[in-house]
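Engineer: This is my_file.csv (CSV, C-alpha atoms).
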```
chain,number,residue,atom,x,y,z
A,1,MET,CA,0.0,0.0,0.0
A,2,ARG,CA,2.9,2.3,0.4
A,3,TRP,CA,3.0,3.0,-3.3
A,4,LEU,CA,-0.2,5.0,-2.9
A,5,LEU,CA,1.5,7.6,-0.8
A,6,ALA,CA,3.3,9.5,-3.6
A,7,ALA,CA,0.2,9.9,-5.8
A,8,ALA,CA,-1.8,10.9,-2.7
A,9,TRP,CA,0.6,13.6,-1.6
A,10,CYS,CA,0.7,15.0,-5.2
A,11,MET,CA,-3.0,15.4,-5.3
A,12,LEU,CA,-3.7,16.4,-1.7
A,13,LEU,CA,-2.1,19.8,-2.0
A,14,PRO,CA,-3.7,22.5,0.2
A,15,GLY,CA,-5.9,23.7,-2.6
A,16,SER,CA,-6.9,20.2,-3.6
A,17,ILE,CA,-8.0,19.2,-0.1
A,18,HIS,CA,-10.7,21.9,-0.1
A,19,SER,CA,-11.9,20.9,-3.5
A,20,TYR,CA,-12.6,17.3,-2.5
A,21,LYS,CA,-13.6,17.9,1.1
A,22,GLN,CA,-17.3,17.7,0.3
A,23,GLU,CA,-16.9,14.3,-1.3
A,24,SER,CA,-15.0,12.7,1.6
A,25,ILE,CA,-16.8,10.7,4.3
A,26,THR,CA,-14.8,8.5,6.7
A,27,ASN,CA,-16.8,5.6,8.1
A,28,PRO,CA,-16.4,5.4,11.9
A,29,GLU,CA,-15.5,1.7,11.9
A,30,ALA,CA,-12.2,2.6,10.2
A,31,TYR,CA,-11.0,3.7,13.6
A,32,MET,CA,-12.5,0.9,15.7
A,33,ASN,CA,-11.3,-2.4,17.1
A,34,ILE,CA,-13.3,-5.6,16.8
A,35,SER,CA,-15.4,-5.2,19.9
A,36,GLN,CA,-16.3,-1.6,18.9
A,37,ILE,CA,-17.4,-2.6,15.5
A,38,ILE,CA,-19.6,-5.4,16.8
A,39,SER,CA,-21.2,-3.0,19.3
A,40,TYR,CA,-21.5,-0.2,16.7
A,41,TRP,CA,-23.8,-2.5,14.6
A,42,GLY,CA,-26.0,-3.2,17.7
A,43,TYR,CA,-24.8,-6.8,18.5
A,44,PRO,CA,-23.7,-8.1,21.9
A,45,TYR,CA,-20.2,-9.4,22.2
A,46,GLU,CA,-17.9,-11.3,24.6
A,47,LYS,CA,-14.1,-11.3,24.4
A,48,TYR,CA,-12.0,-14.2,25.5
A,49,ASP,CA,-8.2,-14.8,25.6
A,50,VAL,CA,-7.4,-18.3,24.4
A,51,VAL,CA,-4.0,-19.6,25.7
A,52,THR,CA,-2.4,-22.2,23.4
A,53,GLU,CA,-0.3,-25.1,24.6
A,54,ASP,CA,2.9,-23.2,23.6
A,55,GLY,CA,1.9,-20.0,25.4
A,56,TYR,CA,0.4,-17.7,22.7
A,57,ILE,CA,-2.6,-15.7,23.8
A,58,LEU,CA,-5.2,-15.3,21.1
A,59,GLY,CA,-8.0,-12.8,21.1
A,60,THR,CA,-11.3,-14.5,20.4
A,61,TYR,CA,-14.7,-12.8,20.0
A,62,ARG,CA,-18.2,-14.0,20.5
A,63,ILE,CA,-21.5,-12.7,19.2
A,64,PRO,CA,-23.9,-14.9,21.3
A,65,HIS,CA,-27.2,-13.8,19.7
A,66,GLY,CA,-28.9,-11.2,17.6
A,67,LYS,CA,-29.4,-7.5,18.2
A,68,GLY,CA,-31.0,-6.4,21.4
A,69,CYS,CA,-32.1,-9.0,23.9
A,70,SER,CA,-33.7,-11.4,21.5
A,71,ARG,CA,-32.1,-14.7,20.7
A,72,LYS,CA,-34.5,-15.3,17.8
A,73,THR,CA,-33.4,-12.5,15.5
A,74,ASP,CA,-31.1,-12.9,12.6
A,75,ALA,CA,-30.2,-16.5,11.7
A,76,GLY,CA,-30.0,-17.4,15.4
A,77,TYR,CA,-26.5,-18.7,15.6
A,78,ASP,CA,-23.8,-18.3,18.3
A,79,VAL,CA,-21.0,-16.7,16.3
A,80,TRP,CA,-17.3,-16.9,17.3
A,81,LEU,CA,-14.5,-15.0,15.6
A,82,GLY,CA,-11.0,-16.5,16.0
A,83,ASN,CA,-7.6,-15.1,15.4
A,84,SER,CA,-4.2,-16.6,14.7
A,85,ARG,CA,-1.0,-15.8,16.6
A,86,GLY,CA,0.8,-12.7,15.6
A,87,ASN,CA,-2.0,-10.7,14.1
A,88,THR,CA,-3.2,-7.4,15.5
A,89,TRP,CA,-5.6,-9.0,17.9
A,90,SER,CA,-3.4,-11.8,19.1
A,91,ARG,CA,0.0,-10.4,19.8
A,92,LYS,CA,0.6,-11.6,23.4
A,93,HIS,CA,2.5,-14.6,25.0
A,94,LEU,CA,2.9,-15.9,28.5
A,95,ARG,CA,6.7,-15.7,28.3
A,96,LEU,CA,7.9,-14.3,25.0
A,97,SER,CA,8.0,-10.7,23.9
A,98,PRO,CA,6.8,-9.7,20.4
A,99,LYS,CA,10.0,-7.8,20.2
A,100,SER,CA,12.0,-11.1,20.2
A,101,PRO,CA,12.6,-13.3,17.1
A,102,GLN,CA,11.6,-16.3,19.2
A,103,TYR,CA,8.0,-15.0,19.4
A,104,TRP,CA,7.8,-14.9,15.6
A,105,ALA,CA,9.3,-18.4,15.0
A,106,PHE,CA,6.0,-19.8,13.8
A,107,SER,CA,4.0,-20.5,10.6
A,108,LEU,CA,1.1,-22.5,9.4
A,109,ASP,CA,2.3,-25.6,11.3
A,110,GLU,CA,1.8,-23.9,14.7
A,111,MET,CA,-1.5,-22.3,13.8
A,112,ALA,CA,-2.9,-25.7,12.9
A,113,LYS,CA,-1.3,-27.6,15.7
A,114,TYR,CA,-1.9,-25.2,18.6
A,115,ASP,CA,-4.1,-22.2,17.6
A,116,LEU,CA,-7.1,-24.0,16.0
A,117,PRO,CA,-7.4,-26.7,18.7
A,118,ALA,CA,-7.2,-24.2,21.5
A,119,THR,CA,-9.8,-22.0,20.0
A,120,ILE,CA,-12.2,-24.8,19.1
A,121,ASN,CA,-11.9,-26.3,22.6
A,122,LEU,CA,-12.6,-23.0,24.3
A,123,ILE,CA,-15.7,-22.4,22.1
A,124,LEU,CA,-17.1,-25.9,22.9
A,125,GLU,CA,-16.4,-25.4,26.6
A,126,LYS,CA,-18.1,-22.0,26.8
A,127,SER,CA,-21.0,-22.9,24.6
A,128,GLY,CA,-21.6,-26.4,26.1
A,129,GLN,CA,-21.8,-27.9,22.6
A,130,LYS,CA,-20.1,-31.1,21.4
A,131,GLN,CA,-19.5,-29.9,17.8
A,132,LEU,CA,-19.4,-26.7,15.8
A,133,PHE,CA,-19.5,-25.4,12.3
A,134,TYR,CA,-16.2,-24.1,11.0
A,135,VAL,CA,-16.2,-21.3,8.4
A,136,GLY,CA,-12.7,-20.5,7.0
A,137,HIS,CA,-11.4,-18.2,4.3
A,138,SER,CA,-8.0,-18.5,2.5
A,139,GLN,CA,-5.4,-19.2,5.2
A,140,GLY,CA,-8.3,-20.1,7.6
A,141,THR,CA,-9.0,-23.0,5.3
A,142,THR,CA,-5.3,-24.0,5.0
A,143,ILE,CA,-4.8,-24.4,8.7
A,144,ALA,CA,-8.1,-26.3,8.9
A,145,PHE,CA,-7.1,-28.8,6.2
A,146,ILE,CA,-3.9,-29.4,8.1
A,147,ALA,CA,-5.5,-29.6,11.5
A,148,PHE,CA,-8.5,-31.8,10.6
A,149,SER,CA,-6.3,-34.2,8.6
A,150,THR,CA,-3.6,-34.7,11.3
A,151,ASN,CA,-5.8,-34.5,14.4
A,152,PRO,CA,-8.7,-37.0,14.2
A,153,GLU,CA,-10.0,-36.0,17.7
A,154,LEU,CA,-10.2,-32.4,16.7
A,155,ALA,CA,-11.9,-33.4,13.4
A,156,LYS,CA,-14.7,-35.1,15.3
A,157,LYS,CA,-15.6,-31.8,16.9
A,158,ILE,CA,-16.5,-30.3,13.5
A,159,LYS,CA,-20.0,-30.8,12.1
A,160,VAL,CA,-19.3,-29.2,8.8
A,161,PHE,CA,-16.2,-27.3,7.4
A,162,PHE,CA,-17.2,-24.5,5.1
A,163,ALA,CA,-14.2,-23.5,3.0
A,164,LEU,CA,-14.3,-20.1,1.2
A,165,ALA,CA,-11.5,-19.6,-1.4
A,166,PRO,CA,-9.8,-22.8,-0.2
A,167,VAL,CA,-6.0,-22.8,-0.3
A,168,VAL,CA,-4.1,-26.1,0.0
A,169,THR,CA,-1.5,-25.8,-2.8
A,170,VAL,CA,-0.5,-22.5,-4.4
A,171,LYS,CA,1.5,-23.9,-7.3
A,172,TYR,CA,-0.5,-21.8,-9.8
A,173,THR,CA,-1.1,-18.7,-7.7
A,174,ARG,CA,-0.9,-15.4,-9.6
A,175,SER,CA,-0.7,-13.2,-6.6
A,176,PRO,CA,2.0,-10.5,-6.6
A,177,MET,CA,3.3,-12.0,-3.4
A,178,LYS,CA,4.6,-14.8,-5.6
A,179,LYS,CA,7.6,-12.6,-6.3
A,180,LEU,CA,8.8,-13.4,-2.8
A,181,THR,CA,9.5,-17.0,-4.0
A,182,ALA,CA,12.3,-15.7,-6.3
A,183,LEU,CA,14.3,-14.6,-3.3
A,184,SER,CA,16.5,-16.8,-1.2
A,185,ARG,CA,15.6,-17.3,2.5
A,186,GLN,CA,18.6,-15.1,3.4
A,187,ALA,CA,17.4,-12.3,1.0
A,188,VAL,CA,13.9,-12.3,2.5
A,189,LYS,CA,15.4,-12.0,6.0
A,190,VAL,CA,17.7,-9.1,4.9
A,191,LEU,CA,14.7,-7.3,3.4
A,192,PHE,CA,12.1,-8.1,6.1
A,193,GLY,CA,14.0,-9.2,9.2
A,194,ASP,CA,13.1,-12.3,11.2
A,195,LYS,CA,10.1,-11.0,13.1
A,196,MET,CA,6.8,-9.5,11.9
A,197,PHE,CA,5.7,-9.2,8.3
A,198,SER,CA,3.2,-6.6,7.0
A,199,SER,CA,2.0,-5.1,10.1
A,200,HIS,CA,-0.6,-2.3,9.7
A,201,THR,CA,1.2,1.0,10.0
A,202,LEU,CA,0.1,4.6,10.9
A,203,LEU,CA,0.9,5.6,7.3
A,204,GLU,CA,-1.5,3.0,5.9
A,205,GLN,CA,-4.1,4.1,8.5
A,206,PHE,CA,-3.7,7.7,7.3
A,207,ILE,CA,-4.0,6.7,3.6
A,208,ALA,CA,-7.1,4.5,4.3
A,209,THR,CA,-8.9,7.2,6.3
A,210,LYS,CA,-7.7,10.5,4.8
A,211,VAL,CA,-7.1,9.5,1.2
A,212,CYS,CA,-9.2,6.5,0.3
A,213,ASN,CA,-12.3,8.2,1.8
A,214,HIS,CA,-12.2,10.6,-1.2
A,215,LYS,CA,-14.3,9.5,-4.2
A,216,ILE,CA,-11.6,10.7,-6.6
A,217,PHE,CA,-9.1,8.2,-5.0
A,218,HIS,CA,-11.6,5.2,-5.1
A,219,PRO,CA,-10.3,3.8,-8.4
A,220,MET,CA,-6.6,4.0,-7.2
A,221,CYS,CA,-7.4,2.5,-3.7
A,222,SER,CA,-9.6,-0.3,-5.1
A,223,ASN,CA,-7.0,-1.2,-7.8
A,224,PHE,CA,-4.5,-1.7,-5.0
A,225,MET,CA,-6.9,-4.3,-3.4
A,226,PHE,CA,-7.7,-5.9,-6.8
A,227,SER,CA,-4.0,-6.2,-7.7
A,228,LEU,CA,-3.6,-8.5,-4.7
A,229,SER,CA,-6.8,-10.5,-5.0
A,230,GLY,CA,-8.2,-10.3,-8.5
A,231,PHE,CA,-10.6,-7.9,-10.2
A,232,ASP,CA,-14.3,-7.5,-9.5
A,233,ARG,CA,-15.1,-3.8,-9.5
A,234,GLN,CA,-18.9,-4.1,-9.7
A,235,ASN,CA,-19.1,-6.2,-6.5
A,236,LEU,CA,-17.2,-3.9,-4.1
A,237,ASN,CA,-18.9,-1.2,-2.0
A,238,MET,CA,-16.6,1.7,-2.7
A,239,SER,CA,-18.1,3.8,0.1
A,240,ARG,CA,-16.5,1.3,2.6
A,241,LEU,CA,-13.0,1.3,1.1
A,242,ASP,CA,-11.6,3.2,4.1
A,243,VAL,CA,-12.9,0.5,6.5
A,244,TYR,CA,-11.6,-2.4,4.4
A,245,LEU,CA,-8.1,-0.9,4.0
A,246,ALA,CA,-7.9,0.4,7.6
A,247,GLN,CA,-8.8,-3.1,9.0
A,248,SER,CA,-6.5,-5.0,6.6
A,249,GLN,CA,-2.8,-6.1,6.9
A,250,ALA,CA,-3.2,-7.5,10.4
A,251,GLY,CA,0.3,-9.0,10.2
A,252,THR,CA,2.0,-12.4,10.5
A,253,SER,CA,5.5,-13.7,10.8
A,254,VAL,CA,8.3,-13.5,8.2
A,255,GLN,CA,8.6,-17.3,8.8
A,256,ASN,CA,5.0,-17.7,7.8
A,257,MET,CA,5.7,-15.9,4.5
A,258,LEU,CA,8.7,-18.2,4.0
A,259,HIS,CA,6.4,-21.1,4.5
A,260,TRP,CA,4.0,-19.8,1.8
A,261,ALA,CA,7.0,-19.3,-0.6
A,262,GLN,CA,8.0,-22.8,0.1
A,263,ALA,CA,4.5,-24.0,-0.8
A,264,VAL,CA,4.6,-22.1,-4.1
A,265,ASN,CA,8.0,-23.5,-5.1
A,266,SER,CA,7.3,-27.1,-4.1
A,267,GLY,CA,3.7,-27.3,-5.3
A,268,ARG,CA,2.9,-29.2,-2.1
A,269,LEU,CA,1.4,-28.6,1.3
A,270,GLN,CA,4.0,-29.7,3.7
A,271,ALA,CA,5.5,-28.6,7.1
A,272,PHE,CA,7.9,-25.7,7.2
A,273,ASP,CA,11.4,-26.6,6.1
A,274,TRP,CA,13.8,-25.3,8.7
A,275,GLY,CA,16.6,-25.0,6.3
A,276,ASN,CA,18.9,-27.9,7.3
A,277,ALA,CA,18.6,-31.6,8.0
A,278,ASN,CA,19.5,-31.2,11.7
A,279,GLN,CA,16.7,-28.7,12.4
A,280,ASN,CA,14.2,-30.8,10.4
A,281,MET,CA,15.2,-33.8,12.4
A,282,MET,CA,14.7,-32.0,15.6
A,283,HIS,CA,11.2,-30.8,14.7
A,284,PHE,CA,9.9,-33.7,12.7
A,285,ASN,CA,12.2,-36.6,13.4
A,286,GLN,CA,13.0,-36.9,9.7
A,287,LEU,CA,15.4,-35.1,7.3
A,288,THR,CA,12.7,-33.4,5.3
A,289,PRO,CA,9.5,-31.8,6.3
A,290,PRO,CA,6.5,-34.1,6.1
A,291,VAL,CA,3.8,-33.6,3.5
A,292,TYR,CA,0.3,-33.1,4.8
A,293,ASN,CA,-2.1,-35.7,3.5
A,294,ILE,CA,-5.4,-34.0,3.4
A,295,THR,CA,-7.1,-37.1,1.9
A,296,LYS,CA,-7.2,-38.4,5.5
A,297,MET,CA,-9.7,-35.6,6.5
A,298,ARG,CA,-13.2,-37.0,6.9
A,299,VAL,CA,-15.0,-33.8,8.0
A,300,PRO,CA,-18.0,-33.0,5.8
A,301,THR,CA,-16.8,-30.1,3.6
A,302,ALA,CA,-18.5,-27.5,1.5
A,303,MET,CA,-16.4,-25.3,-0.8
A,304,TRP,CA,-16.7,-22.2,-2.8
A,305,SER,CA,-14.1,-20.9,-5.2
A,306,GLY,CA,-13.8,-17.8,-7.4
A,307,GLY,CA,-13.1,-17.6,-11.2
A,308,GLN,CA,-11.2,-14.3,-10.8
A,309,ASP,CA,-9.2,-15.3,-7.7
A,310,VAL,CA,-5.5,-14.8,-8.3
A,311,VAL,CA,-4.5,-16.2,-4.9
A,312,ALA,CA,-6.5,-19.5,-4.8
A,313,ASP,CA,-6.1,-20.2,-8.5
A,314,ALA,CA,-8.7,-22.3,-10.3
A,315,GLN,CA,-6.1,-25.0,-11.3
A,316,ASP,CA,-5.0,-25.4,-7.6
A,317,THR,CA,-8.7,-25.7,-6.7
A,318,LYS,CA,-9.3,-28.3,-9.4
A,319,ASP,CA,-6.4,-30.3,-8.1
A,320,LEU,CA,-7.8,-30.0,-4.5
A,321,LEU,CA,-11.4,-31.3,-5.3
A,322,PRO,CA,-10.6,-35.0,-5.7
A,323,LYS,CA,-8.6,-35.0,-2.5
A,324,VAL,CA,-11.5,-33.9,-0.3
A,325,ALA,CA,-12.9,-37.2,0.8
A,326,ASN,CA,-16.2,-36.0,2.2
A,327,LEU,CA,-17.1,-33.1,-0.2
A,328,ILE,CA,-20.8,-32.4,0.3
A,329,TYR,CA,-21.1,-29.2,-1.8
A,330,TYR,CA,-19.0,-27.3,-4.3
A,331,LYS,CA,-19.7,-24.0,-6.2
A,332,GLU,CA,-17.5,-22.0,-8.4
A,333,ILE,CA,-18.5,-18.3,-8.8
A,334,PRO,CA,-17.0,-17.1,-12.1
A,335,HIS,CA,-16.8,-13.4,-11.3
A,336,TYR,CA,-15.5,-13.8,-7.7
A,337,ASN,CA,-12.0,-12.6,-6.6
A,338,HIS,CA,-10.2,-13.6,-3.4
A,339,LEU,CA,-12.0,-10.9,-1.3
A,340,ASP,CA,-15.5,-11.2,-2.6
A,341,PHE,CA,-16.2,-14.1,-0.3
A,342,TYR,CA,-16.5,-11.6,2.6
A,343,LEU,CA,-16.6,-8.2,0.9
A,344,GLY,CA,-18.7,-9.0,-2.2
A,345,GLN,CA,-22.0,-7.2,-2.2
A,346,ASP,CA,-23.8,-10.3,-3.6
A,347,ALA,CA,-22.1,-12.7,-1.1
A,348,PRO,CA,-25.4,-13.2,0.9
A,349,TRP,CA,-27.0,-14.6,-2.2
A,350,GLU,CA,-24.0,-16.3,-3.8
A,351,ILE,CA,-22.8,-18.0,-0.6
A,352,TYR,CA,-24.4,-17.3,2.7
A,353,GLN,CA,-27.9,-18.4,2.0
A,354,ASP,CA,-26.7,-21.9,1.0
A,355,LEU,CA,-24.2,-22.0,3.9
A,356,ILE,CA,-27.0,-21.3,6.4
A,357,ARG,CA,-29.3,-23.8,4.7
A,358,MET,CA,-26.6,-26.5,5.1
A,359,MET,CA,-26.1,-25.5,8.7
A,360,GLU,CA,-29.8,-25.9,9.4
A,361,GLU,CA,-29.8,-29.3,7.7
A,362,TYR,CA,-26.8,-30.6,9.6
A,363,SER,CA,-28.1,-29.2,12.9
A,364,GLN,CA,-30.9,-31.7,12.6
A,365,ASN,CA,-28.4,-34.6,12.4
```
Translate the structure described by the file into structure tokens.

Structural biologist:
Amino acid sequence: MRWLLAAAWCMLLPGSIHSYKQESITNPEAYMNISQIISYWGYPYEKYDVVTEDGYILGTYRIPHGKGCSRKTDAGYDVWLGNSRGNTWSRKHLRLSPKSPQYWAFSLDEMAKYDLPATINLILEKSGQKQLFYVGHSQGTTIAFIAFSTNPELAKKIKVFFALAPVVTVKYTRSPMKKLTALSRQAVKVLFGDKMFSSHTLLEQFIATKVCNHKIFHPMCSNFMFSLSGFDRQNLNMSRLDVYLAQSQAGTSVQNMLHWAQAVNSGRLQAFDWGNANQNMMHFNQLTPPVYNITKMRVPTAMWSGGQDVVADAQDTKDLLPKVANLIYYKEIPHYNHLDFYLGQDAPWEIYQDLIRMMEEYSQN
């Protein structure tokens, strides 16, 4: 997003600011945290700190029922919002400081092995349920495929896995992030260090709320989003761009990005390669990182993919389909990009109504 700055400053000269002032509206949610956004829209919320087996503290949010006091409004579900280690809402640890490289020594492996089980177990404990419905998008599907195929006891706690823009292999991804794969591990660490990758900055917050709230900059700001996810201009609510950009880039570890680069280069979903045989032996008791065999996953799975998605490419999705042993539903949406699954204006009709219908059907089982 930093490339937006030069163009923004050129146009936001003192005289220009006055000219476009009448066309700028900043949505209040652009400045809010998760709890505040939930409350702003009239929903109740509860916040929990989930402590993983290896000491990470994850912020988890609950919307227990509909607006007001009624538990009958909306679709009637008890909704939980989870977070993975290292993002804006989950940056604490019992012993380690986020300022230390040790804190950031994690990737998809740890999210699947520790974060997801800890979050699911807390939800079931607090709700009193034996199973839950899991809805994941992008990386949220990746860690689920890993966790549910390697942890049979955890898999039994999932009634249905709803996978939006599923990502298992990224051999054919066309995302600009693919350029990272051309760099050596040493080069990546020289450029980005060995801690946090892509944290949301004050500069990005300024651009989101002071630049992208102007109609004249909507094409530029939306093109930035589309360059990373695929194009679908007609399906994005431009009046909400400031919120989308202000709340994005929650951050992860450089090691996690190295793990993604490894997946692109290998064409396989496997554990993180620690770079030498001794380290791999210490972590996996073998010289090379194990490949995750998702065909072992037996959780009922419903999937949606997008024809314009440059992250979860259609060919990768095609390769994934026969590996999902208990696929109960699949839909490709030709005009969808990677973000449409949660930002698309037609998502309620293209996805959510069928998702809720399946939840209702499986709730009876």

Engineer: Nearest to Asn235 of chain A: which of A:Gln364, A:Thr141, A:Asn27, A:Gln345 is it, counting only C-alpha atoms?

Structural biologist: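 Answer, going by the shortest atom-to-atom distance: A:Gln345.
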
Engineer: Report, in Å with one decimal, the straight-line distance from atom CA of Asn237 of chain A to atom CA of Arg174 of chain A.

Structural biologist: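 Taking atom CA of Asn237 of chain A and atom CA of Arg174 of chain A, their separation equals 24.2 Å.
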
Engineer: Give me the residues near Tyr329 of chain A as a ChimeraX atom specification, where near means some atom within 12 Å (using only C-alpha atoms) and where sequence neighbours in that chain fewer than 5 positions away do not count.

Structural biologist: /A:160-164,300-305,321,324,351,354-355,357-358

Engineer: Which neighbours of Ala30 of chain A fall inside 8 Å, counting only C-alpha atoms, when residues of the same chain fewer than 3 positions from it are skipped, and could you give them as a ChimeraX atom specification?

Structural biologist: /A:26-27,209,242-244,246-247

Engineer: Using only C-alpha atoms, pick whichever of A:Gly68, A:Gly42, A:Gly55, A:Gly140 has the shortest atom-to-atom distance to Ala118 of chain A.

Structural biologist: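 Closest to Ala118 of chain A of all the choices is A:Gly55.
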
Engineer: Counting only C-alpha atoms, which of A:Ala271, A:Leu132, A:Ile63, A:Leu58 gets nearest to Thr88 of chain A?

Structural biologist: A:Leu58

Engineer: Give me the residues near Pro176 of chain A as a PyMOL selection string, where near means some atom within 9 Å (using only C-alpha atoms) and where sequence neighbours in that chain fewer than 2 positions away do not count.

Structural biologist: chain A and resi 173-174+178-180+227-229+310-311

Engineer: Between atom CA of Gln286 of chain A and atom CA of Ser138 of chain A, what is the distance, to one decimal in Å?

Structural biologist: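 For atom CA of Gln286 of chain A relative to atom CA of Ser138 of chain A, the distance reads 28.8 Å.
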
Engineer: A:Ala325, A:Ala312, A:Val170, A:Val188: which is nearest Thr295 of chain A, counting all atoms listed in the file?

Structural biologist: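 Once distances to Thr295 of chain A are computed over all atoms listed in the file, the minimum belongs to A:Ala325.
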
Engineer: Nearest to Glu153 of chain A among A:Ile294, A:Ile120, A:Val135, A:Ile333, with distances taken over all atoms listed in the file: which residue is it?

Structural biologist: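 Using all atoms listed in the file, Glu153 of chain A sits closest to A:Ile120.
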
Engineer: Which residues, written as an MDAnalysis selection string, have at least one atom at most 10 Å from Met111 of chain A, with all atoms listed in the file counted and residues fewer than 2 positions away on the same chain left out?

Structural biologist: chainID A and resid 52 83:85 106:109 113:118 139:140 142:144 146:147 256

Engineer: Just give me the gap between atom CA of Gly230 of chain A and atom CA of Lys171 of chain A in Å, one decimal is fine.

Structural biologist: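 If I compute the distance from atom CA of Gly230 of chain A to atom CA of Lys171 of chain A, I get 16.7 Å.
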
Engineer: For a quick check of understanding, using all atoms listed in the file, which of A:Leu81, A:Lys318, A:Ser35, A:His338 has the smallest distance to Ser175 of chain A?

Structural biologist: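 When distances to Ser175 of chain A are compared using all atoms listed in the file, the smallest one comes from A:His338.
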
Engineer: Residues near Thr288 of chain A, anyone? I mean within 7 Å using only C-alpha atoms, not counting same-chain ones fewer than 2 positions away, as a list in words.

Structural biologist: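 With the cut-off at 7 Å, the set is Asp273, Ala277, Asn280, Gln286 and Pro290 of chain A.
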